[in-house]
file run.tsv (TSV, C-alpha atoms)
chain	number	residue	atom	x	y	z
A	97	MET	CA	0.00	0.00	0.00
A	98	GLY	CA	1.35	3.42	-0.88
A	99	ASP	CA	1.94	6.18	1.59
A	100	ASN	CA	-1.13	8.42	1.18
A	101	ASN	CA	-0.14	10.61	4.11
A	102	PHE	CA	2.51	12.67	2.32
A	103	ASN	CA	2.01	16.41	2.67
A	104	LEU	CA	2.65	18.64	-0.31
A	105	PRO	CA	3.20	22.37	0.14
A	106	PRO	CA	0.37	24.58	-1.21
A	107	GLY	CA	0.44	24.85	-5.01
A	108	PHE	CA	2.18	21.51	-5.57
A	109	ARG	CA	0.29	18.55	-7.05
A	110	PHE	CA	0.71	15.08	-8.48
A	111	TYR	CA	0.34	15.57	-12.26
A	112	PRO	CA	2.47	12.84	-13.83
A	113	THR	CA	3.05	12.67	-17.56
A	114	ASP	CA	2.46	9.36	-19.38
A	115	GLU	CA	6.24	8.95	-19.60
A	116	GLU	CA	6.70	9.45	-15.83
A	117	LEU	CA	3.95	6.95	-15.02
A	118	VAL	CA	5.65	4.33	-17.20
A	119	VAL	CA	9.37	5.06	-16.79
A	120	HIS	CA	9.46	6.10	-13.15
A	121	PHE	CA	6.50	4.51	-11.39
A	122	LEU	CA	5.71	1.35	-13.34
A	123	HIS	CA	9.29	0.46	-14.13
A	124	ARG	CA	10.41	0.82	-10.51
A	125	LYS	CA	7.45	-1.32	-9.42
A	126	ALA	CA	8.35	-4.09	-11.90
A	127	ASP	CA	12.04	-3.82	-11.02
A	128	LEU	CA	11.14	-4.17	-7.31
A	129	LEU	CA	12.88	-0.83	-6.66
A	130	PRO	CA	11.59	1.52	-3.95
A	131	CYS	CA	9.66	4.65	-4.99
A	132	HIS	CA	10.12	7.80	-2.88
A	133	PRO	CA	7.62	9.14	-2.07
A	134	ASP	CA	5.70	5.85	-2.27
A	135	VAL	CA	2.41	7.48	-3.25
A	136	ILE	CA	0.75	4.95	-5.57
A	137	PRO	CA	-0.86	1.99	-3.78
A	138	ASP	CA	-1.04	-1.55	-5.12
A	139	LEU	CA	-4.68	-2.68	-5.46
A	140	ASP	CA	-3.70	-6.15	-6.73
A	141	LEU	CA	-6.41	-7.41	-9.14
A	142	TYR	CA	-8.59	-4.37	-8.34
A	143	PRO	CA	-12.14	-5.73	-8.01
A	144	ILE	CA	-13.36	-2.28	-6.87
A	145	ASP	CA	-16.10	-0.18	-8.46
A	146	PRO	CA	-14.61	3.12	-9.70
A	147	TRP	CA	-16.77	5.24	-7.36
A	148	ASP	CA	-15.37	3.29	-4.39
A	149	LEU	CA	-11.72	4.19	-5.11
A	150	ASP	CA	-11.59	7.01	-2.55
A	151	GLY	CA	-9.41	6.01	0.39
A	152	LYS	CA	-8.01	3.06	-1.57
A	153	ALA	CA	-6.24	4.61	-4.57
A	154	MET	CA	-4.10	7.74	-4.60
A	155	VAL	CA	-6.27	10.73	-5.52
A	156	GLU	CA	-5.25	14.08	-7.01
A	157	GLY	CA	-7.95	16.40	-8.22
A	158	LYS	CA	-10.53	14.04	-9.67
A	159	LYS	CA	-8.09	11.35	-10.82
A	160	TRP	CA	-7.27	8.14	-9.01
A	161	TYR	CA	-3.94	6.29	-9.40
A	162	PHE	CA	-3.01	2.74	-8.42
A	163	TYR	CA	-0.95	-0.26	-9.44
A	164	SER	CA	-2.71	-3.45	-10.42
A	165	ARG	CA	-1.81	-6.85	-11.78
A	166	ARG	CA	-2.46	-7.19	-15.50
A	167	THR	CA	-5.52	-9.24	-16.35
A	168	LYS	CA	-7.77	-9.71	-19.37
A	169	ALA	CA	-11.08	-9.62	-17.48
A	170	ARG	CA	-11.33	-6.80	-14.99
A	171	ILE	CA	-14.63	-7.40	-13.19
A	172	SER	CA	-15.91	-5.61	-10.07
A	173	GLU	CA	-19.01	-5.92	-7.94
A	174	SER	CA	-21.21	-3.75	-10.16
A	175	GLY	CA	-19.72	-4.23	-13.60
A	176	TYR	CA	-16.61	-4.55	-15.72
A	177	TRP	CA	-13.96	-2.57	-17.65
A	178	GLN	CA	-13.96	-2.94	-21.43
A	179	PRO	CA	-11.20	-1.63	-23.73
A	180	ILE	CA	-12.21	1.19	-26.09
A	181	GLY	CA	-10.09	2.13	-29.09
A	182	VAL	CA	-6.62	0.82	-29.78
A	183	GLU	CA	-3.55	0.76	-27.55
A	184	GLU	CA	-1.33	3.84	-27.90
A	185	PRO	CA	2.47	3.72	-27.63
A	186	ILE	CA	4.17	5.84	-24.93
A	187	TYR	CA	7.49	7.40	-25.95
A	188	SER	CA	10.24	8.75	-23.70
A	189	SER	CA	11.49	12.30	-24.27
A	190	CYS	CA	14.38	10.85	-26.29
A	191	GLY	CA	11.93	9.10	-28.65
A	192	LYS	CA	12.25	5.53	-27.34
A	193	LYS	CA	9.03	3.48	-27.07
A	194	VAL	CA	8.75	2.68	-23.36
A	195	GLY	CA	5.21	1.37	-22.88
A	196	MET	CA	1.61	1.19	-24.04
A	197	LYS	CA	-1.58	2.95	-22.92
A	198	LYS	CA	-5.03	1.38	-23.18
A	199	TYR	CA	-8.35	3.17	-22.59
A	200	CYS	CA	-11.19	1.26	-20.93
A	201	ALA	CA	-14.77	2.30	-20.12
A	202	PHE	CA	-16.69	0.99	-17.13
A	203	TYR	CA	-19.91	-0.90	-17.94
A	204	ILE	CA	-22.55	-1.65	-15.33
A	205	GLY	CA	-23.86	-5.20	-15.57
A	206	ASP	CA	-22.60	-8.60	-16.57
A	207	PRO	CA	-19.99	-8.90	-19.35
A	208	SER	CA	-21.72	-11.99	-20.80
A	209	GLU	CA	-25.05	-10.15	-21.14
A	210	GLY	CA	-23.57	-6.77	-22.09
A	211	GLY	CA	-23.78	-3.81	-19.72
A	212	ALA	CA	-24.58	-0.11	-19.78
A	213	ARG	CA	-21.60	2.14	-20.44
A	214	THR	CA	-20.81	4.78	-17.81
A	215	ASN	CA	-18.63	7.91	-17.96
A	216	TRP	CA	-15.88	6.23	-15.89
A	217	ILE	CA	-12.67	5.88	-17.89
A	218	MET	CA	-9.48	4.00	-17.03
A	219	GLN	CA	-6.13	4.58	-18.67
A	220	GLU	CA	-4.10	1.42	-18.13
A	221	TYR	CA	-0.33	1.71	-18.72
A	222	ARG	CA	1.86	-1.32	-19.28
A	223	LEU	CA	5.55	-1.85	-19.96
A	224	LEU	CA	6.86	-3.53	-23.07
A	225	SER	CA	7.87	-7.11	-22.29
A	226	SER	CA	11.43	-6.26	-23.38
A	227	ASN	CA	11.61	-3.23	-21.02
A	228	SER	CA	14.84	-2.69	-19.10
A	229	THR	CA	16.32	0.65	-18.10
A	230	ASN	CA	19.79	-0.15	-16.84
A	231	LYS	CA	22.49	-2.79	-16.56
A	232	SER	CA	21.25	-4.16	-13.24
A	233	SER	CA	17.70	-4.57	-14.55
A	234	ARG	CA	18.99	-6.28	-17.69
A	235	LYS	CA	20.79	-8.75	-15.46
A	236	LYS	CA	17.57	-9.36	-13.57
A	237	SER	CA	15.33	-9.37	-16.62
A	238	SER	CA	15.24	-13.13	-16.93
A	239	LYS	CA	13.59	-13.28	-13.49
A	240	ILE	CA	11.34	-10.20	-13.78
A	241	ASP	CA	8.03	-10.40	-15.62
A	242	TYR	CA	7.54	-6.89	-17.03
A	243	SER	CA	4.08	-7.76	-18.30
A	244	LYS	CA	2.79	-8.55	-14.81
A	245	TRP	CA	2.10	-4.99	-13.64
A	246	VAL	CA	0.06	-2.05	-14.87
A	247	VAL	CA	-0.45	1.41	-13.45
A	248	CYS	CA	-3.97	2.79	-13.81
A	249	GLN	CA	-5.46	6.27	-13.88
A	250	VAL	CA	-9.23	6.40	-13.38
A	251	TYR	CA	-11.47	9.46	-13.84
A	252	ASN	CA	-15.02	10.35	-14.67
A	253	GLU	CA	-15.40	12.03	-18.05
A	254	ASP	CA	-17.91	14.45	-16.50
A	255	ASP	CA	-15.14	15.81	-14.24
A	256	ASP	CA	-12.50	15.91	-16.95
A	257	ASP	CA	-11.34	18.92	-18.96
A	258	ASN	CA	-12.69	17.13	-22.03
A	259	SER	CA	-16.21	17.80	-20.80
A	260	LYS	CA	-15.47	21.55	-20.88
A	261	GLU	CA	-14.28	21.17	-24.46
A	262	LEU	CA	-17.44	19.26	-25.26
A	263	SER	CA	-19.68	21.94	-23.81
A	264	CYS	CA	-17.73	24.52	-25.77
A	265	LEU	CA	-18.34	22.43	-28.88
A	266	ASP	CA	-22.00	22.13	-27.95
A	267	GLU	CA	-22.16	25.90	-27.75
A	268	VAL	CA	-20.77	26.29	-31.27
A	269	LEU	CA	-23.07	23.59	-32.62
A	270	LEU	CA	-26.04	25.29	-30.99
A	271	SER	CA	-25.08	28.67	-32.43
A	272	MET	CA	-24.56	27.03	-35.84
A	273	ASP	CA	-28.04	25.52	-35.50
A	274	ASP	CA	-29.33	29.08	-35.20
A	275	ASP	CA	-27.40	30.02	-38.35
A	276	LEU	CA	-28.85	27.04	-40.18
A	277	ASP	CA	-32.34	28.07	-39.05
A	278	GLU	CA	-31.62	31.55	-40.35
A	279	ILE	CA	-30.51	30.16	-43.69
A	280	SER	CA	-33.76	28.20	-44.00
A	281	TRP	CA	-35.69	31.28	-43.01
A	282	HIS	CA	-33.92	33.43	-45.60
A	283	ASN	CA	-34.70	30.90	-48.28
B	241	MET	CA	14.86	35.96	-5.39
B	242	GLY	CA	13.09	32.63	-4.99
B	243	ASP	CA	14.85	29.32	-4.66
B	244	ASN	CA	14.64	27.87	-8.15
B	245	ASN	CA	16.85	24.91	-7.27
B	246	PHE	CA	14.21	22.88	-5.42
B	247	ASN	CA	13.94	19.32	-6.68
B	248	LEU	CA	10.51	17.74	-7.02
B	249	PRO	CA	10.13	13.97	-7.28
B	250	PRO	CA	8.96	12.72	-10.72
B	251	GLY	CA	5.25	13.31	-11.29
B	252	PHE	CA	5.00	16.31	-8.94
B	253	ARG	CA	4.50	19.81	-10.31
B	254	PHE	CA	3.69	23.38	-9.34
B	255	TYR	CA	0.05	23.86	-10.38
B	256	PRO	CA	-1.36	26.42	-7.95
B	257	THR	CA	-5.02	27.36	-7.94
B	258	ASP	CA	-6.01	31.03	-8.04
B	259	GLU	CA	-6.88	30.77	-4.35
B	260	GLU	CA	-3.46	29.33	-3.44
B	261	LEU	CA	-1.65	32.05	-5.39
B	262	VAL	CA	-3.57	34.73	-3.49
B	263	VAL	CA	-4.04	33.25	-0.02
B	264	HIS	CA	-0.77	31.38	0.39
B	265	PHE	CA	1.82	33.06	-1.83
B	266	LEU	CA	0.72	36.69	-2.18
B	267	HIS	CA	-0.57	37.04	1.35
B	268	ARG	CA	2.61	35.66	2.89
B	269	LYS	CA	4.66	38.02	0.69
B	270	ALA	CA	2.63	41.04	1.80
B	271	ASP	CA	2.70	39.90	5.42
B	272	LEU	CA	6.51	39.55	5.22
B	273	LEU	CA	6.14	35.89	6.22
B	274	PRO	CA	8.55	33.23	4.87
B	275	CYS	CA	7.31	30.86	2.14
B	276	HIS	CA	8.64	27.27	2.18
B	277	PRO	CA	9.66	26.28	-0.41
B	278	ASP	CA	10.48	29.83	-1.54
B	279	VAL	CA	9.85	29.13	-5.22
B	280	ILE	CA	8.45	32.39	-6.59
B	281	PRO	CA	11.06	35.10	-7.20
B	282	ASP	CA	10.49	38.82	-6.80
B	283	LEU	CA	11.09	40.66	-10.09
B	284	ASP	CA	10.36	44.09	-8.57
B	285	LEU	CA	8.82	46.35	-11.24
B	286	TYR	CA	9.40	43.66	-13.93
B	287	PRO	CA	10.70	45.58	-16.97
B	288	ILE	CA	11.36	42.24	-18.76
B	289	ASP	CA	9.96	41.10	-22.11
B	290	PRO	CA	7.82	37.96	-21.60
B	291	TRP	CA	10.07	35.80	-23.82
B	292	ASP	CA	13.05	36.71	-21.57
B	293	LEU	CA	11.47	35.34	-18.37
B	294	ASP	CA	13.36	32.02	-18.49
B	295	GLY	CA	15.96	31.90	-15.74
B	296	LYS	CA	14.39	34.91	-14.01
B	297	ALA	CA	10.83	33.79	-13.12
B	298	MET	CA	9.79	30.41	-11.75
B	299	VAL	CA	8.74	28.18	-14.65
B	300	GLU	CA	6.44	25.14	-14.66
B	301	GLY	CA	5.37	23.70	-17.98
B	302	LYS	CA	4.95	26.77	-20.13
B	303	LYS	CA	3.88	29.13	-17.35
B	304	TRP	CA	6.09	31.64	-15.55
B	305	TYR	CA	5.42	32.88	-12.01
B	306	PHE	CA	6.88	35.87	-10.16
B	307	TYR	CA	6.06	38.58	-7.65
B	308	SER	CA	6.10	42.17	-8.76
B	309	ARG	CA	5.26	45.56	-7.35
B	310	ARG	CA	1.88	46.86	-8.45
B	311	THR	CA	2.06	49.60	-11.06
B	312	LYS	CA	-0.30	51.17	-13.57
B	313	ALA	CA	2.13	51.28	-16.50
B	314	ARG	CA	4.04	48.04	-17.01
B	315	ILE	CA	6.54	48.82	-19.77
B	316	SER	CA	9.43	46.62	-20.93
B	317	GLU	CA	12.15	47.04	-23.53
B	318	SER	CA	10.02	45.87	-26.48
B	319	GLY	CA	6.50	46.82	-25.44
B	320	TYR	CA	3.93	47.06	-22.69
B	321	TRP	CA	1.17	45.13	-20.89
B	322	GLN	CA	-2.39	46.35	-21.37
B	323	PRO	CA	-5.39	45.10	-19.35
B	324	ILE	CA	-8.00	43.14	-21.30
B	325	GLY	CA	-11.50	42.53	-19.93
B	326	VAL	CA	-12.58	43.30	-16.40
B	327	GLU	CA	-11.01	42.27	-13.09
B	328	GLU	CA	-12.38	38.99	-11.71
B	329	PRO	CA	-12.84	38.33	-7.98
B	330	ILE	CA	-11.00	35.35	-6.42
B	331	TYR	CA	-12.93	33.48	-3.75
B	332	SER	CA	-11.59	31.16	-1.06
B	333	SER	CA	-13.07	27.67	-0.75
B	334	CYS	CA	-15.29	28.99	2.06
B	335	GLY	CA	-16.73	31.64	-0.26
B	336	LYS	CA	-14.85	34.69	1.05
B	337	LYS	CA	-13.56	37.20	-1.52
B	338	VAL	CA	-9.77	37.17	-1.06
B	339	GLY	CA	-8.36	38.97	-4.09
B	340	MET	CA	-8.75	40.08	-7.70
B	341	LYS	CA	-7.37	38.74	-11.00
B	342	LYS	CA	-6.65	40.95	-14.01
B	343	TYR	CA	-5.79	39.73	-17.53
B	344	CYS	CA	-3.27	41.69	-19.58
B	345	ALA	CA	-1.98	41.19	-23.13
B	346	PHE	CA	1.53	42.12	-24.24
B	347	TYR	CA	1.74	44.70	-27.03
B	348	ILE	CA	4.91	45.32	-29.02
B	349	GLY	CA	5.61	49.01	-29.49
B	350	ASP	CA	5.09	52.26	-27.67
B	351	PRO	CA	1.94	52.69	-25.53
B	352	SER	CA	1.51	56.31	-26.70
B	353	GLU	CA	1.46	55.26	-30.36
B	354	GLY	CA	-0.41	51.96	-29.89
B	355	GLY	CA	1.34	48.63	-30.35
B	356	ALA	CA	0.72	45.27	-31.97
B	357	ARG	CA	-0.93	42.70	-29.71
B	358	THR	CA	0.94	39.43	-29.15
B	359	ASN	CA	-0.25	36.08	-27.79
B	360	TRP	CA	1.53	36.67	-24.46
B	361	ILE	CA	-0.95	36.86	-21.60
B	362	MET	CA	-0.39	37.84	-17.98
B	363	GLN	CA	-2.73	37.04	-15.11
B	364	GLU	CA	-2.00	39.57	-12.36
B	365	TYR	CA	-3.36	38.71	-8.90
B	366	ARG	CA	-3.74	41.33	-6.17
B	367	LEU	CA	-5.00	41.29	-2.62
B	368	LEU	CA	-7.92	43.38	-1.45
B	369	SER	CA	-6.70	46.45	0.43
B	370	SER	CA	-8.63	45.26	3.50
B	371	ASN	CA	-6.99	41.78	3.37
B	372	SER	CA	-5.95	40.25	6.68
B	373	THR	CA	-5.93	36.56	7.53
B	374	ASN	CA	-5.28	36.44	11.28
B	375	LYS	CA	-5.02	38.42	14.46
B	376	SER	CA	-1.32	39.16	14.11
B	377	SER	CA	-1.75	40.45	10.56
B	378	ARG	CA	-4.68	42.60	11.67
B	379	LYS	CA	-2.40	44.13	14.29
B	380	LYS	CA	0.24	44.83	11.65
B	381	SER	CA	-2.24	45.95	9.00
B	382	SER	CA	-1.74	49.63	9.69
B	383	LYS	CA	1.91	49.25	8.66
B	384	ILE	CA	1.44	46.79	5.74
B	385	ASP	CA	0.34	48.02	2.35
B	386	TYR	CA	-1.60	45.07	0.88
B	387	SER	CA	-1.98	46.85	-2.45
B	388	LYS	CA	1.79	47.03	-2.98
B	389	TRP	CA	2.35	43.49	-4.28
B	390	VAL	CA	1.00	41.35	-7.08
B	391	VAL	CA	1.79	37.80	-8.14
B	392	CYS	CA	1.87	37.23	-11.89
B	393	GLN	CA	1.41	34.20	-14.13
B	394	VAL	CA	2.61	34.66	-17.72
B	395	TYR	CA	2.01	32.29	-20.63
B	396	ASN	CA	1.74	32.29	-24.37
B	397	GLU	CA	-1.77	31.55	-25.62
B	398	ASP	CA	-0.27	29.34	-28.34
B	399	ASP	CA	1.10	27.02	-25.63
B	400	ASP	CA	-2.02	27.07	-23.51
B	401	ASP	CA	-4.81	24.49	-23.35
B	402	ASN	CA	-7.13	27.18	-24.70
B	403	SER	CA	-5.37	26.94	-28.04
B	404	LYS	CA	-6.34	23.26	-28.24
B	405	GLU	CA	-9.94	24.26	-27.56
B	406	LEU	CA	-9.69	26.89	-30.27
B	407	SER	CA	-8.31	24.44	-32.81
B	408	CYS	CA	-11.10	22.05	-31.86
B	409	LEU	CA	-13.57	24.89	-32.42
B	410	ASP	CA	-11.86	25.69	-35.70
B	411	GLU	CA	-12.35	22.08	-36.72
B	412	VAL	CA	-16.09	22.25	-36.05
B	413	LEU	CA	-16.39	25.59	-37.82
B	414	LEU	CA	-14.54	24.19	-40.80
B	415	SER	CA	-16.77	21.12	-40.93
B	416	MET	CA	-19.83	23.35	-40.58
B	417	ASP	CA	-18.50	25.44	-43.48
B	418	ASP	CA	-18.61	22.26	-45.54
B	419	ASP	CA	-22.20	21.71	-44.44
B	420	LEU	CA	-23.09	25.28	-45.37
B	421	ASP	CA	-21.47	24.77	-48.78
B	422	GLU	CA	-23.53	21.65	-49.17
B	423	ILE	CA	-26.70	23.51	-48.26
B	424	SER	CA	-25.97	26.16	-50.89
B	425	TRP	CA	-25.22	23.44	-53.37
B	426	HIS	CA	-28.52	21.65	-52.64
B	427	ASN	CA	-30.44	24.90	-53.07

call {"tool": "encode", "arguments": {"input": "run.tsv", "output": "C-alpha cells"}}
result
Amino acid sequence: MGDNNFNLPPGFRFYPTDEELVVHFLHRKADLLPCHPDVIPDLDLYPIDPWDLDGKAMVEGKKWYFYSRRTKARISESGYWQPIGVEEPIYSSCGKKVGMKKYCAFYIGDPSEGGARTNWIMQEYRLLSSNSTNKSSRKKSSKIDYSKWVVCQVYNEDDDDNSKELSCLDEVLLSMDDDLDEISWHN
Amino acid sequence: MGDNNFNLPPGFRFYPTDEELVVHFLHRKADLLPCHPDVIPDLDLYPIDPWDLDGKAMVEGKKWYFYSRRTKARISESGYWQPIGVEEPIYSSCGKKVGMKKYCAFYIGDPSEGGARTNWIMQEYRLLSSNSTNKSSRKKSSKIDYSKWVVCQVYNEDDDDNSKELSCLDEVLLSMDDDLDEISWHN
C-alpha cells in the first residue's frame, strides 16, 4: 500500500506525464525498486467499483492512481472494464518506445449479457515485455516479468477537462443551429 | 529571489489554484512571512519582455510565475502590458472574496502610439486592500500596504490548453462550413 499521508506544500500537485507513469513509477514497481515518495498503492487485481476508489487509490484532483496486476477480465461488484479504441504507444522524451496505454470504459452489468456504459474511464499503462532501463535490470530481466504490472489512472469524463471542451463544442453547434435556421428562413 | 533549485520527485509539479496564489503566496509576501519552499522570485517592477522570463521567473510547464510591485504602467524594452477585460474576484473555498485577478496582453511598441498585440498573456493577482488573515496580521495591518504586491502568471496563448480548444472549435467551424457549402449546393 502506498503512503497516502505525504504532505505537499500549497500549489504543488501530483500531475504525472504518461512517460513518468511508465518510466518512473511502473518500471520501478516491476524492477522491485523503492519509490520515494511511495504514493501509488497496489490494489492487486482491483475488483473495486470506480466510485469506491476514494481512500483506496491515490487521488489528485478528480483522478485516481493505483498499481494493479495485469488481467484480461477486470470485473468488479457492479460491472466490468472494457477496452475502447486501440492501444497507444508511450514514448520517452528521447523518442524511445517505453510502454503502451489502453483506454477502458466501465460498464454496469454482466460482461456476458452486455452492460450499460458509464462515464468512468481507465487509462491502463503497461511496460513492453522487453523493457529494461539499466544494466542491473537487464541482469535481472530473466527473473522479472515486465508484463505482470500495470499502473492505472481512473477518472469520470464528467469531471474531466474534455467535458469543458465538449460543452464549448456544444455551444458552437447550438449557435450554428441558429445560423442554419436563419438560412432556411432566408430561403 | 526565490529558490529555483528545489527538486521535485517525478510526477509532482507546481500547479497552484487562483486561491493558493492569493491566499498562500501573495498574502505571505505582503505579510513579510517566509514561504517554504520559496519558489516564486520577486522581479520588482518587472521591466522584462515575456520571452526573456526564463531563468528569471519560476517556470512550470509553459507558465512563468513571479512577484512584482503593483504599477499602472508596465513597460518593458520591447513593449507594454495592457489590461484586457474586467477584473475577476477570487474566492476562497469557504466563499470569502480574497483577491482580484486581471488579464493583460503584451503589445509590441510604444503605448503612446499603440502597439501590436501578441499572444503573451499575464494574469495579475492582487489582494484586497482590506486583506488580513489572522489576528497578528490585523495588528500589523496599519503598517502593511496590501496593495503594494502582485503575483503574476505569464504564458503564451499558443502554448495554452485554450489553443487546443480553439483548434477544436476551428475544426467544427470548418466542418460546418462544408455543411453550409452543401446547403448552398442543394439549393

call {"tool": "closest_residue", "arguments": {"input": "run.tsv", "among": "B:Arg253, B:His264, B:His276, B:Arg314", "to": "Glu300 (chain B)", "atoms": "only C-alpha atoms"}}
result
B:Arg253

call {"tool": "closest_residue", "arguments": {"input": "run.tsv", "among": "B:Gly339, B:Gly319, B:Gly301, B:Pro281", "to": "chain A", "atoms": "only C-alpha atoms"}}
result
B:Gly301

call {"tool": "closest_atom_pairs", "arguments": {"input": "run.tsv", "of": "chain A", "to": "chain B", "cutoff": "7 Å", "atoms": "all atoms listed in the file", "output": "tab-separated table"}}
result
residue	atom	partner	partner_atom	distance
A:Pro106	CA	B:Glu260	CA	6.5
A:Gly107	CA	B:Pro256	CA	3.8
A:Phe108	CA	B:Phe254	CA	4.5
A:Arg109	CA	B:Arg253	CA	5.5
A:Phe110	CA	B:Phe252	CA	4.5
A:Tyr111	CA	B:Gly251	CA	5.5
A:Pro112	CA	B:Gly251	CA	3.8
A:Thr113	CA	B:Gly251	CA	6.7
A:Glu116	CA	B:Gly251	CA	6.1
A:Glu261	CA	B:Glu405	CA	6.2
A:Leu265	CA	B:Leu409	CA	6.4

call {"tool": "closest_residue", "arguments": {"input": "run.tsv", "among": "A:Gln178, A:Leu122, A:Pro130, A:Ser243", "to": "Gly210 (chain A)", "atoms": "only C-alpha atoms"}}
result
A:Gln178

call {"tool": "atom_distance", "arguments": {"input": "run.tsv", "atom1": "CA of Gln249 (chain A)", "atom2": "CA of Asp398 (chain B)"}}
result
27.7 Å

call {"tool": "residues_around", "arguments": {"input": "run.tsv", "residues": "Ala270 (chain B)", "least_positions_apart": "2", "cutoff": "7 Å", "atoms": "only C-alpha atoms", "output": "compact mmCIF listing (two decimals) with C-alpha atoms, in the coordinates of the input"}}
result
# COMPACT_ATOMS: atom_id res chain seq x y z
CA LEU B 266 0.72 36.69 -2.18
CA HIS B 267 -0.57 37.04 1.35
CA ARG B 268 2.61 35.66 2.89
CA LEU B 272 6.51 39.55 5.22
CA TYR B 386 -1.60 45.07 0.88
CA TRP B 389 2.35 43.49 -4.28

call {"tool": "atom_distance", "arguments": {"input": "run.tsv", "atom1": "CA of Asn215 (chain A)", "atom2": "CA of Tyr199 (chain A)"}}
result
12.2 Å

call {"tool": "atom_distance", "arguments": {"input": "run.tsv", "atom1": "CA of Val135 (chain A)", "atom2": "CA of Ala153 (chain A)"}}
result
9.2 Å

call {"tool": "axis_aligned_box", "arguments": {"input": "run.tsv", "around": "region 255-259 of chain B", "padding_each_side": "6 Å", "output": "JSON"}}
result
{"center_x": -3.4, "center_y": 27.4, "center_z": -7.4, "size_x": 18.9, "size_y": 19.2, "size_z": 18.0}

call {"tool": "residues_around", "arguments": {"input": "run.tsv", "residues": "Asp140 (chain A)", "least_positions_apart": "3", "cutoff": "10 Å", "atoms": "all atoms listed in the file", "output": "JSON, numbers by chain"}}
result
{"A": [97, 137, 143, 162, 163, 164, 165, 166, 245, 246]}

call {"tool": "closest_residue", "arguments": {"input": "run.tsv", "among": "B:Asp399, B:Asp271, B:Glu317, B:Glu353", "to": "Ile288 (chain B)", "atoms": "all atoms listed in the file"}}
result
B:Glu317

call {"tool": "residues_near_point", "arguments": {"input": "run.tsv", "point": "(10.0, 1.6, -26.7)", "cutoff": "12 Å", "atoms": "all atoms listed in the file", "output": "PyMOL selection string"}}
result
chain A and resi 115+118-119+184-196+222-229

call {"tool": "closest_residue", "arguments": {"input": "run.tsv", "among": "A:Ser208, A:Trp147, A:Met218, A:Tyr142", "to": "Pro179 (chain A)", "atoms": "only C-alpha atoms"}}
result
A:Met218
